[in-house]
Amino acid sequence: MKHILLALSLIVLISCGTSKSGSQNGTTSANGENFNPIKTNPTEYNVKDAEDLKYMKDYAKEYAESITEDKLKRMLYTLASDDYEGRKTGEKGQKMAAEFIVDFYTKLGIPPADTTYLQHIPVDYFKGRSKNDSENVVAFIKGFEKPEEYVIISAHYDHIGVKGEEINNGADDDGSGTTAVMQIAQAFKKATDAGMAPKRSIVFLHVTGEEVGLFGSKYYTEHPIFPLDNTVANLNIDMIGRYDEKHAENPEFVYLIGSDKLSTELHELSEATNKKYTNLELDYTYNDENDPNRFYYRSDHYNFAKNNIPIIFYFNGVHEDYHKPTDTPDKINYDLLQKRAQLVFYTAWEIANRENRLTVDKK
Ligand SMILES: [Zn+2]
């Protein structure tokens, strides 16, 4: 009896909603949950007023929620296991990690950025810092409206390998960023499959050679698969699964570096996105030009920034297991990793879907 009543009231609700706004363009319904009329993009709807907007489902939220602790954990326990031998550039473990990432994209049906997923980097390029050739792994989701503009989401997947008898698993550095990029990619893929492809293209860039001198990102920016002139932004993740001493009391934070350096608009967008969805404390300590750590210059995003491409670097600070064999997957805070990965997803979603391309107003 209860169920029948509920069903009846739902019908009434829906028909009211339809007669109210459906006559305008047939794309709104009484409640957001039922809003799924045709496979197309929300921006194509002729949204007439705030009343209509209210009925529209928050698609970003729906897809962000497909990034979960569980999935991140499962992947990170593999990537940061002893089998991968600390993923040292040019060595067996790094090649295995590349294979793991390629396999993930292949199974999900997210295509390579080029003819293959692997961007090959010859051994000479590493100036003696790698014994062998190495490779970036690059996947791609094509934008539906401005496919020639690109948002790059990056993380390095190499680490420092085995020292003596001990394996440096690099769970936080940068297994956390690597799995985050992969999960962000699956969220965009889900959106695309549902007819909600981003307006601009998204590039998922897993760089090698970071630990030996930012070589993978340097190589990509010197041999870009997509023109740098059309690269709208780079969101780079390096260590987002832990917290530092300063935030032990309130770990719901992330350090942001570089967001305001080239584009005021990017900084404002990033702030607003966090406020709307994730509500993490955004700590700008390391964004200070006078900070002695100079983190702005120390990870892969810098190779984009120096080409005048606005960047944000997401980082959890240095902790006691940094570059030690004790940087293991059991020490990762998966709820934090999930939240921060979702923040990067929301920010990328906003950059990719907004009407105008991000404005660069600083040098
Ligand atoms: Zn790192």
# chains A, B, ... in the order shown; residues from 1 in each chain; ligands from 1

$ residues_near_ligand --ligand "ligand 1" --cutoff "6 Å" --atoms "only C-alpha atoms and all ligand atoms" --output "list in words"
Asp173, Asp174 and Asp238 of chain A

$ residues_around --residues "segment 250-253 of chain A" --least-positions-apart "5" --cutoff "8 Å" --atoms "only C-alpha atoms" --output "number ranges by chain"
A: 243, 280-283, 316, 336

$ closest_residue --among "A:Glu222, A:Asp70, A:Glu91, A:Glu350" --to "Val151 of chain A" --atoms "only C-alpha atoms"
A:Glu350

$ atom_distance --atom1 "atom CA of Asp83 of chain A" --atom2 "atom CA of Tyr117 of chain A"
22.3 Å

$ select_by_dssp --residues "segment 94-325 of chain A" --states "alpha helix (DSSP H)" --output "PyMOL selection string"
chain A and resi 94-108+177-193+215-222+264-273+301-305

$ atom_distance --atom1 "atom CA of Ile153 of chain A" --atom2 "atom CA of Lys127 of chain A"
26.4 Å

$ closest_residue --among "A:Gly258, A:Ala180, A:Ala194, A:Gln119" --to "Ile67 of chain A" --atoms "only C-alpha atoms"
A:Ala180
